[in-house]
Structure formats: structure tokens, C-alpha cells
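Read the structure below first, then the notes.
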Amino acid sequence: MASSNGKPVPGEEGKTPAVAAEGSIGGYESLHRLLEANLSPELFKEASRLLLGLNCARQLESISLPEAATFLAETHNFDMQAFRFSADKEFLRQARVVRVGLIQNSIAVSTTCHFADQKKAIMEKIKPIIDAAGASSVNILCLQEAWTMPFAFCTREKRWCEFAEPIDGESTQFLQELAQKYNMVIVSPMLERDVNHGETVWNTAVVIGNSGNIIGIHRKNHIPRVGDFNESTYYMEGNTGHPVFETAYGKIAVNICYGRHHPLNWLAFGLNGAEIVFNPSATVGELSEPMWPIEARNAAIANSYFVGSINRVGTEVFPNPFTSGDGKPQHADFGHFYGSSHFSAPDASCTPSLSRYRDGLMTSDMDLNLCRQIKGKWAFRMTARYDMYASLLSDYLKPDFKPQVISDPLIKKRS
């Protein structure tokens with residue numbers, strides 16, 4: 001059995017929980033907790049080293065959060081974990097430690113409820129988690145993709161566009177107050193209604209400064225057309241490029257959901273100087289879970305920055321069944337959004353994941369000096385050969401492009 005914090009109840013270590021929650025792994029909240037409960041301390045330490053890497057040659061440290069935050073987590077039943085990424089001490093620079101948070105959550109009421117009630121219920125559900133982040137002195141907080149609504153883009157029903165709102169709309173105003181209250185930068189991925197351009201709908205992240213001001217926005221660069229994820233019914237590829245937002249606590253960027261499958265998207269944020277890149281997402285186990293621990297971590301390594309990966313939780317059932325265009329029978333849900341939010345660091349270390357089925361707050365202290373230290377160690381920027389790839393991409397875009405393929409002259413003779 002598992003306790004409210006996801007750890008085995010004393011005396012039950014090594015046993016499979018009697019009642020397995022939907023979305024659990026054999027009754028456990030995550031792979032990490034399954035291994036912790038069923039391996040000896042020595043084997044678990046070695047497994048963690050292989051799965052999570054080492055930060056500055058040491059295992060990642062967990063950190064304690066204030067009682068006010070843990071009380072909120074217990075009262076509102078959300079998973080809460082906190083870890084520290086260190087960097088080597090430097091002689092000419094002070095440590096640049098920033099505390100960063102990620103929130104994952106399920107929807108709060110049925111998708112058959114009035115849209116206003118759905119939105120209000122999600123805000124009421126999110127508020128205590130943001131309060132816990134505030135009580136924990138989080139400096140930068142990121143929410144999940146389209147956090148104010150169910151992820152209805154599988155249905156292809158246009159009525160869900162009612163959730164779209166202007167940049168300075170209700171959800172932004174709600175978060176602006178909290179950002180100002182807690183002196184916290186908040187990244188709010190939402191469905192935007194661009195009132196200045198014919199009420200066009202975008203999948204957008206609003207970056208709210210720690211004074212409650214709107215620093216800027218970024219619109220999703222890559223739109224999926226995979227199975228149920230046919231989002232171009234609602235919005236198209238964004239037009240904001242790869243902006244990096246210089247905040248009071250560091251330079252951040254937002255790679256929204258499907259953009260994580262595109263290495264050049266990650267690269268562009270790095271070229272613009274990002275130190276932390278958030279990946280607010282909505283993805284289900286059947287489609288992407290094997291990729292989830294790999295892509296963001298690889299991006300953190302290849303681009304020498306931190307990555308915060310956020311995925312929503314739970315199964316969202318819609319009133320009207322829909323099809324995927326793949327021959328499968330019609331269905332009324334996407335599948336299970338598996339949570340598992342986590343942080344990755346440029347030195348290849350990463351945190352364990354949050355729960356696969358509960359709401360959660362992942363917090364991390366990260367020394368941003370690690371970004372430059374890893375750039376110096378691996379010299380990826382110095383050895384990248386950008387000129388060579390720029391030339392290839394330039395040629396590839398031409399109508400008369402021919403791939404550089406050298407064929408064995410004996411192939412035809414053998415046939």
C-alpha cells in the first residue's frame with residue numbers, strides 16, 4: 001500500500017499495493033517509487049544512478065519544503081517533490097540559484113458541465129498548488145498546456161474554442177495576482193483568442209513577471225497531426241519564433257508540447273540564450289511515454305540548459321464519441337494522461353517523476369552557473385559546425401534539392 005505521499009507504508013515495503021489506482025504502475029505512483037519499494041537500498045542507489053544520472057558526480061539531493069506547503073499537499077492530495085541541482089563553485093561568479101516549480105493536474109469536473117463551471121473548478125483546484133509553490137518560495141512556476149480547460153482538441157468540435165481568451169483575459173488576471181503576491185514569474189499556457197487579428201485562436205504561453213506584469217507570449221511552433229492529436233482544427237503553427245524571456249530570475253523559454261519532437265526547435269531556444277526551457281504538454285501513455293524521459297533530457301544535454309517537462313494527469317471523457325482516422329472504433333477519451341512531470345539538467349542528471357495519476361508540484365533549486373560550466377566542459381557550441389548544417393538546410397529548401405547519396409556502382413551489376 002502507498003501512503004499519501006506515494007511512499008510505501010512502513011512495514012509494507014516491497015509489496016505490491018492492494019488497490020491499484022488507474023494510471024499507476026503496479027499500484028505505485030511512478031517507476032522510481034516502484035523501484036524504491038522493491039529493491040534493497042544498495043540496488044536502488046545503483047538503479048537511480050543509471051536512470052537519473054549524477055549531478056556534479058553526486059546523487060541528486062532532495063530538499064525539505066516548509067510545513068505550510070506540505071500541509072497543502074496533504075490536505076488537497078497532490079504529489080509534492082523537491083530536489084537540488086548544484087554546480088561547481090567558481091572563483092569569479094557567485095552561485096545563481098533559482099527555485100523553479102512545475103504543476104501537473106487533472107480536470108476538476110465532468111466535461112459535460114457548463115464551460116464556466118469547468119474553468120472555475122480548475123482554477124479553484126490549481127490555487128492551493130500555486131499557494132504551496134508560493135509558500136515554498138518558488139521563483140519561476142510553469143503550468144501545463146491549456147491548463148484552463150480539458151484537452152478537447154481530439155474531438156474536432158469547435159464549441160471548445162469558447163475556452164479561448166485574450167492574452168490579458170480571466171486566467172491571466174487570476175495568475176497576475178498570484179505572481180505579484182508571491183514575487184513569482186508564472187508561465188501560463190492557454191488557448192488564446194487574438195482579438196486584434198480576427199479572433200484567431202492560438203495555442204499560447206503567457207509569461208507573467210514577478211511584479212504581475214505581462215512580459216510577453218510565445219505561440220506553439222509545431223502542431224501535431226497524429227491520431228487524436230489533430231490540433232490544426234483549432235489553431236495553426238505559431239508566428240512568434242523562438243523568444244527567450246529575460247526575467248528577474250533568469251532567461252527562460254517555452255517549447256510547447258509537440259515541439260519537443262523537433263531537435264531544431266530546442267536548438268533555437270538555446271541559440272537565443274535560454275537557461276531554462278519549459279515543455280508544457282498533454283500526452284497519453286499509448287502514444288509517447290517511452291519518449292517522455294528521453295527527449296527533454298537529451299535537449300538539456302545537447303543545448304546546455306535546464307528543461308522542465310510538464311504533462312497533465314488523468315483520463316478526460318467527452319460527451320460525444322470521436323474517431324482517430326486510423327480505423328479504430330470511435331471512443332470518448334484520448335487515453336490516460338500520465339503526468340510524470342520532471343526536471344532535466346545540462347549535465348545529464350534529472351529528477352524522479354511526479355505521480356502518473358495524481359496532481360503534483362515538482363520543485364527544484366538549480367544553479368544556473370551549471371549551464372556555462374557544461375558548455376565549457378563539452379564544447380558543443382564550439383564543435384557544432386552550424387555553417388555546414390545551415391548550408392544543408394538552405395539547399396534542402398530549394399525545389400531542385402538532391403540528397404547527397406553516393407551509390408555503390410556495383411549494385412546494378414549484381415542485380
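Residues are named by chain letter and number: chains run A, B, ... in the order of the C-alpha cells, numbers start at 1 in each chain, and ligands are numbered from 1 in the order shown.
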Problem set entry | Test item: residues at most 8 Å from stretch 293-309 of chain A, only C-alpha atoms, excluding those fewer than 5 positions along its chain, as a list in words |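 Residues meeting the cut-off are Leu102, Arg260, His261, Pro263, Trp266, Leu267, Gly270, Ala274, Glu275, Ile276, Val277, Phe278, Asn279, Pro280, Ser281, Ser341, His342, Phe343, Ser344, Ala345, Pro346, Asp347, Ala348, Cys350, Cys371, Arg372, Ile374, Lys375 and Phe380 of chain A.
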Atoms to include: C-alpha atoms. Write the selected residues as an mmCIF file, in the first residue's frame.
```
data_model
loop_
_atom_site.group_PDB
_atom_site.id
_atom_site.type_symbol
_atom_site.label_atom_id
_atom_site.label_comp_id
_atom_site.auth_asym_id
_atom_site.auth_seq_id
_atom_site.Cartn_x
_atom_site.Cartn_y
_atom_site.Cartn_z
ATOM 1 C CA LEU A 102 6.107 22.656 -12.292
ATOM 2 C CA ARG A 260 9.777 18.586 -28.102
ATOM 3 C CA HIS A 261 9.903 16.100 -31.007
ATOM 4 C CA PRO A 263 15.535 18.956 -32.207
ATOM 5 C CA TRP A 266 15.122 23.012 -28.875
ATOM 6 C CA LEU A 267 18.299 24.256 -30.559
ATOM 7 C CA GLY A 270 19.403 27.594 -26.881
ATOM 8 C CA ALA A 274 17.772 30.215 -22.789
ATOM 9 C CA GLU A 275 18.887 28.900 -19.409
ATOM 10 C CA ILE A 276 15.618 27.110 -18.587
ATOM 11 C CA VAL A 277 13.183 25.782 -21.210
ATOM 12 C CA PHE A 278 9.734 24.597 -20.155
ATOM 13 C CA ASN A 279 7.844 21.944 -22.101
ATOM 14 C CA PRO A 280 4.167 22.187 -21.067
ATOM 15 C CA SER A 281 2.434 19.197 -22.631
ATOM 16 C CA SER A 341 6.499 15.789 -14.766
ATOM 17 C CA HIS A 342 10.204 16.230 -14.041
ATOM 18 C CA PHE A 343 13.327 18.381 -14.464
ATOM 19 C CA SER A 344 16.408 17.629 -16.568
ATOM 20 C CA ALA A 345 19.803 19.298 -16.220
ATOM 21 C CA PRO A 346 22.567 20.028 -18.756
ATOM 22 C CA ASP A 347 24.911 17.538 -17.032
ATOM 23 C CA ALA A 348 22.526 14.642 -17.903
ATOM 24 C CA CYS A 350 17.320 14.519 -13.830
ATOM 25 C CA CYS A 371 24.786 25.836 -17.968
ATOM 26 C CA ARG A 372 28.043 27.606 -18.789
ATOM 27 C CA ILE A 374 28.762 22.253 -19.124
ATOM 28 C CA LYS A 375 29.242 24.370 -22.269
ATOM 29 C CA PHE A 380 29.189 21.546 -28.094
#
```
With a distance cut-off of 9 Å and only C-alpha atoms, select the neighbouring residues of stretch 211-214 of chain A, excluding the residue or stretch itself and same-chain residues fewer than 3 positions from it, and output the selection as a CSV table (one decimal) with N, CA and C atoms, in the first residue's frame.
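Resulting contents of around03.csv:
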```csv
chain,number,residue,atom,x,y,z
A,167,ILE,N,-5.1,37.6,-24.3
A,167,ILE,CA,-3.8,37.5,-23.5
A,167,ILE,C,-4.0,38.0,-22.1
A,168,ASP,N,-4.8,39.1,-22.0
A,168,ASP,CA,-5.0,39.7,-20.7
A,168,ASP,C,-6.4,39.3,-20.1
A,172,THR,N,-5.2,35.0,-17.1
A,172,THR,CA,-4.0,35.8,-16.9
A,172,THR,C,-4.2,36.7,-15.6
A,173,GLN,N,-5.4,37.3,-15.5
A,173,GLN,CA,-5.6,38.2,-14.4
A,173,GLN,C,-5.6,37.4,-13.0
A,175,LEU,N,-3.7,34.7,-12.5
A,175,LEU,CA,-2.3,34.4,-12.2
A,175,LEU,C,-1.5,35.7,-11.9
A,176,GLN,N,-1.9,36.8,-12.5
A,176,GLN,CA,-1.2,38.0,-12.2
A,176,GLN,C,-1.2,38.4,-10.7
A,177,GLU,N,-2.3,38.2,-10.1
A,177,GLU,CA,-2.5,38.5,-8.7
A,177,GLU,C,-1.6,37.6,-7.9
A,178,LEU,N,-1.5,36.3,-8.2
A,178,LEU,CA,-0.7,35.4,-7.5
A,178,LEU,C,0.8,35.6,-7.8
A,179,ALA,N,1.2,36.0,-9.0
A,179,ALA,CA,2.5,36.3,-9.3
A,179,ALA,C,3.0,37.5,-8.5
A,180,GLN,N,2.2,38.5,-8.3
A,180,GLN,CA,2.5,39.7,-7.5
A,180,GLN,C,2.6,39.3,-6.1
A,181,LYS,N,1.6,38.5,-5.6
A,181,LYS,CA,1.6,38.1,-4.2
A,181,LYS,C,2.8,37.4,-3.8
A,183,ASN,N,5.8,37.2,-5.6
A,183,ASN,CA,7.0,37.6,-6.2
A,183,ASN,C,7.5,36.5,-7.2
A,184,MET,N,6.7,36.0,-8.0
A,184,MET,CA,6.9,34.8,-8.7
A,184,MET,C,6.6,35.0,-10.2
A,185,VAL,N,7.6,34.6,-11.1
A,185,VAL,CA,7.3,34.5,-12.5
A,185,VAL,C,6.4,33.3,-12.8
A,186,ILE,N,5.3,33.5,-13.5
A,186,ILE,CA,4.4,32.4,-13.8
A,186,ILE,C,4.3,32.2,-15.4
A,206,VAL,N,1.7,32.5,-22.0
A,206,VAL,CA,1.8,33.9,-21.5
A,206,VAL,C,2.8,33.9,-20.4
A,207,VAL,N,3.9,34.7,-20.5
A,207,VAL,CA,4.9,34.8,-19.4
A,207,VAL,C,4.6,36.0,-18.6
A,208,ILE,N,4.2,35.8,-17.3
A,208,ILE,CA,3.8,36.8,-16.4
A,208,ILE,C,5.0,37.1,-15.4
A,217,ILE,N,4.6,36.7,-24.9
A,217,ILE,CA,3.9,35.5,-25.2
A,217,ILE,C,4.8,34.7,-26.2
```
Exercise. Smallest atom-to-atom distance to A:Ile129: which of A:Lys413, A:Lys251, A:His76, A:Arg93, using only C-alpha atoms?
Worked result: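 When distances to A:Ile129 are compared using only C-alpha atoms, the smallest one comes from A:His76.
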For this session: Mind the document's chain letters and residue numbers, and return as a PyMOL selection string the residues of stretch 306-376 of chain A that DSSP labels strand (DSSP E).
Result: chain A and resi 306-311+313-322+331-338+342-344+360-367
Please, which residues of stretch 231-320 of chain A, numbered as in this document, come out helix (DSSP H, G or I) from DSSP, as a compact mmCIF listing (two decimals) with N, CA and C atoms, in the first residue's frame?
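Output (result-v2.txt):
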```txt
# COMPACT_ATOMS: atom_id res chain seq x y z
N GLU A 231 -4.66 18.83 -34.03
CA GLU A 231 -4.98 20.12 -33.41
C GLU A 231 -5.16 21.26 -34.41
N SER A 232 -4.81 21.01 -35.68
CA SER A 232 -4.95 22.08 -36.66
C SER A 232 -6.42 22.41 -36.94
N THR A 233 -7.34 21.63 -36.39
CA THR A 233 -8.76 22.01 -36.43
C THR A 233 -8.98 23.31 -35.67
N CYS A 257 4.62 21.52 -25.98
CA CYS A 257 4.20 20.15 -26.29
C CYS A 257 4.93 19.51 -27.47
N TYR A 258 4.28 19.44 -28.63
CA TYR A 258 4.77 18.69 -29.78
C TYR A 258 6.12 19.19 -30.27
N GLY A 259 6.46 20.41 -29.90
CA GLY A 259 7.76 20.95 -30.29
C GLY A 259 8.93 20.17 -29.73
N ARG A 260 8.67 19.35 -28.70
CA ARG A 260 9.78 18.59 -28.10
C ARG A 260 10.28 17.48 -29.04
N HIS A 261 9.48 17.13 -30.06
CA HIS A 261 9.90 16.10 -31.01
C HIS A 261 10.81 16.67 -32.10
N PRO A 263 14.26 18.52 -32.79
CA PRO A 263 15.53 18.96 -32.21
C PRO A 263 15.91 20.40 -32.56
N LEU A 264 15.57 20.86 -33.77
CA LEU A 264 15.93 22.23 -34.13
C LEU A 264 15.13 23.25 -33.34
N ASN A 265 13.95 22.88 -32.89
CA ASN A 265 13.16 23.76 -32.04
C ASN A 265 13.87 23.99 -30.71
N TRP A 266 14.33 22.90 -30.12
CA TRP A 266 15.12 23.01 -28.87
C TRP A 266 16.39 23.85 -29.12
N LEU A 267 17.05 23.56 -30.23
CA LEU A 267 18.30 24.26 -30.56
C LEU A 267 18.09 25.76 -30.63
N ALA A 268 17.00 26.20 -31.28
CA ALA A 268 16.78 27.63 -31.49
C ALA A 268 16.63 28.38 -30.17
N PHE A 269 15.95 27.78 -29.19
CA PHE A 269 15.84 28.43 -27.88
C PHE A 269 17.22 28.55 -27.23
N GLY A 270 18.05 27.54 -27.42
CA GLY A 270 19.40 27.59 -26.88
C GLY A 270 20.24 28.65 -27.56
N LEU A 271 20.13 28.77 -28.88
CA LEU A 271 20.89 29.79 -29.61
C LEU A 271 20.50 31.20 -29.17
N GLY A 285 -0.20 7.83 -22.57
CA GLY A 285 0.75 6.74 -22.45
C GLY A 285 0.93 5.91 -23.70
N GLU A 286 -0.15 5.58 -24.38
CA GLU A 286 -0.07 4.71 -25.55
C GLU A 286 0.78 5.34 -26.65
N LEU A 287 0.77 6.66 -26.72
CA LEU A 287 1.43 7.35 -27.82
C LEU A 287 2.91 7.65 -27.56
N SER A 288 3.23 8.19 -26.38
CA SER A 288 4.53 8.85 -26.25
C SER A 288 5.35 8.50 -25.01
N TRP A 292 9.08 10.11 -23.40
CA TRP A 292 8.98 11.17 -22.40
C TRP A 292 10.25 11.39 -21.58
N PRO A 293 10.90 10.34 -21.07
CA PRO A 293 12.10 10.58 -20.26
C PRO A 293 13.34 10.88 -21.09
N ILE A 294 13.22 10.77 -22.41
CA ILE A 294 14.40 10.85 -23.27
C ILE A 294 14.56 12.21 -23.94
N GLU A 295 13.49 12.68 -24.59
CA GLU A 295 13.63 13.84 -25.48
C GLU A 295 14.06 15.11 -24.74
N ALA A 296 13.38 15.42 -23.64
CA ALA A 296 13.72 16.65 -22.91
C ALA A 296 15.10 16.54 -22.29
N ARG A 297 15.42 15.37 -21.79
CA ARG A 297 16.72 15.18 -21.17
C ARG A 297 17.83 15.33 -22.22
N ASN A 298 17.59 14.78 -23.40
CA ASN A 298 18.56 14.94 -24.48
C ASN A 298 18.71 16.40 -24.88
N ALA A 299 17.58 17.13 -24.90
CA ALA A 299 17.64 18.56 -25.24
C ALA A 299 18.45 19.33 -24.21
N ALA A 300 18.28 19.00 -22.94
CA ALA A 300 19.05 19.67 -21.89
C ALA A 300 20.54 19.42 -22.06
N ILE A 301 20.89 18.20 -22.43
CA ILE A 301 22.29 17.85 -22.64
C ILE A 301 22.85 18.57 -23.87
N ALA A 302 22.13 18.44 -24.99
CA ALA A 302 22.64 18.96 -26.27
C ALA A 302 22.74 20.47 -26.29
N ASN A 303 21.87 21.15 -25.51
CA ASN A 303 21.81 22.61 -25.56
C ASN A 303 22.31 23.30 -24.29
```
Exercise. Interatomic distance between atom CA of A:Met149 and atom CA of A:Ile103?
Worked result: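 Taking atom CA of A:Met149 and atom CA of A:Ile103, their separation equals 14.7 Å.
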Exercise. Which residue out of A:Lys328, A:Lys398, A:Arg381, A:Arg356 has the minimum interatomic distance to A:Ala21 when only C-alpha atoms are used?
Worked result: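 That would be A:Arg356, the residue with the smallest distance to A:Ala21.
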Problem set entry | Residue contacts of A:Val97 (9 Å, only C-alpha atoms) excluding same-chain residues fewer than 6 positions away, as JSON, numbers by chain | {"A": [85, 86, 249, 365, 366, 367, 368, 369]}
Restricting the output to N, CA and C atoms, write the selected residues as a PDB file, in the first residue's frame.
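The resulting file, part.pdb, is shown below:
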```pdb
ATOM      1  N   PHE A  85      19.712  20.867  -7.876  1.00  0.00           N
ATOM      2  CA  PHE A  85      20.790  20.711  -8.848  1.00  0.00           C
ATOM      3  C   PHE A  85      21.903  21.681  -8.459  1.00  0.00           C
ATOM      4  N   SER A  86      23.082  21.168  -8.201  1.00  0.00           N
ATOM      5  CA  SER A  86      24.216  22.008  -7.823  1.00  0.00           C
ATOM      6  C   SER A  86      25.099  22.290  -9.037  1.00  0.00           C
ATOM      7  N   TYR A 249      14.770  36.338 -12.642  1.00  0.00           N
ATOM      8  CA  TYR A 249      15.465  35.168 -12.091  1.00  0.00           C
ATOM      9  C   TYR A 249      16.271  34.386 -13.115  1.00  0.00           C
ATOM     10  N   ASP A 365      15.683  23.495  -6.891  1.00  0.00           N
ATOM     11  CA  ASP A 365      16.694  24.540  -6.848  1.00  0.00           C
ATOM     12  C   ASP A 365      17.725  24.212  -7.919  1.00  0.00           C
ATOM     13  N   MET A 366      18.042  25.182  -8.766  1.00  0.00           N
ATOM     14  CA  MET A 366      19.037  24.925  -9.801  1.00  0.00           C
ATOM     15  C   MET A 366      20.012  26.091  -9.888  1.00  0.00           C
ATOM     16  N   ASP A 367      21.276  25.761  -9.863  1.00  0.00           N
ATOM     17  CA  ASP A 367      22.328  26.765 -10.023  1.00  0.00           C
ATOM     18  C   ASP A 367      22.554  26.950 -11.514  1.00  0.00           C
ATOM     19  N   LEU A 368      22.154  28.103 -12.044  1.00  0.00           N
ATOM     20  CA  LEU A 368      22.244  28.346 -13.483  1.00  0.00           C
ATOM     21  C   LEU A 368      23.685  28.434 -13.978  1.00  0.00           C
ATOM     22  N   ASN A 369      24.638  28.545 -13.058  1.00  0.00           N
ATOM     23  CA  ASN A 369      26.040  28.507 -13.472  1.00  0.00           C
ATOM     24  C   ASN A 369      26.390  27.184 -14.147  1.00  0.00           C
TER      25      ASN A 369
END
```
For this session: Enter the distance from atom CA of A:Gly198 to atom CA of A:Cys161, in Å, rounded to one decimal.
Result: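 One can read the atom CA of A:Gly198 to atom CA of A:Cys161 distance as 13.9 Å.
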For this session: Choose the residue, out of A:Gly227, A:Gly250, A:Gly273, A:Gly216, that has the smallest atom-to-atom separation from A:Gly335; count only C-alpha atoms.
Result: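 When distances to A:Gly335 are compared using only C-alpha atoms, the smallest one comes from A:Gly227.
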Exercise. What does the distance from atom CA of A:Pro166 to atom CA of A:Glu246 come to in Å, to one decimal?
Worked result: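 Atom CA of A:Glu246 lies 22.8 Å from atom CA of A:Pro166.
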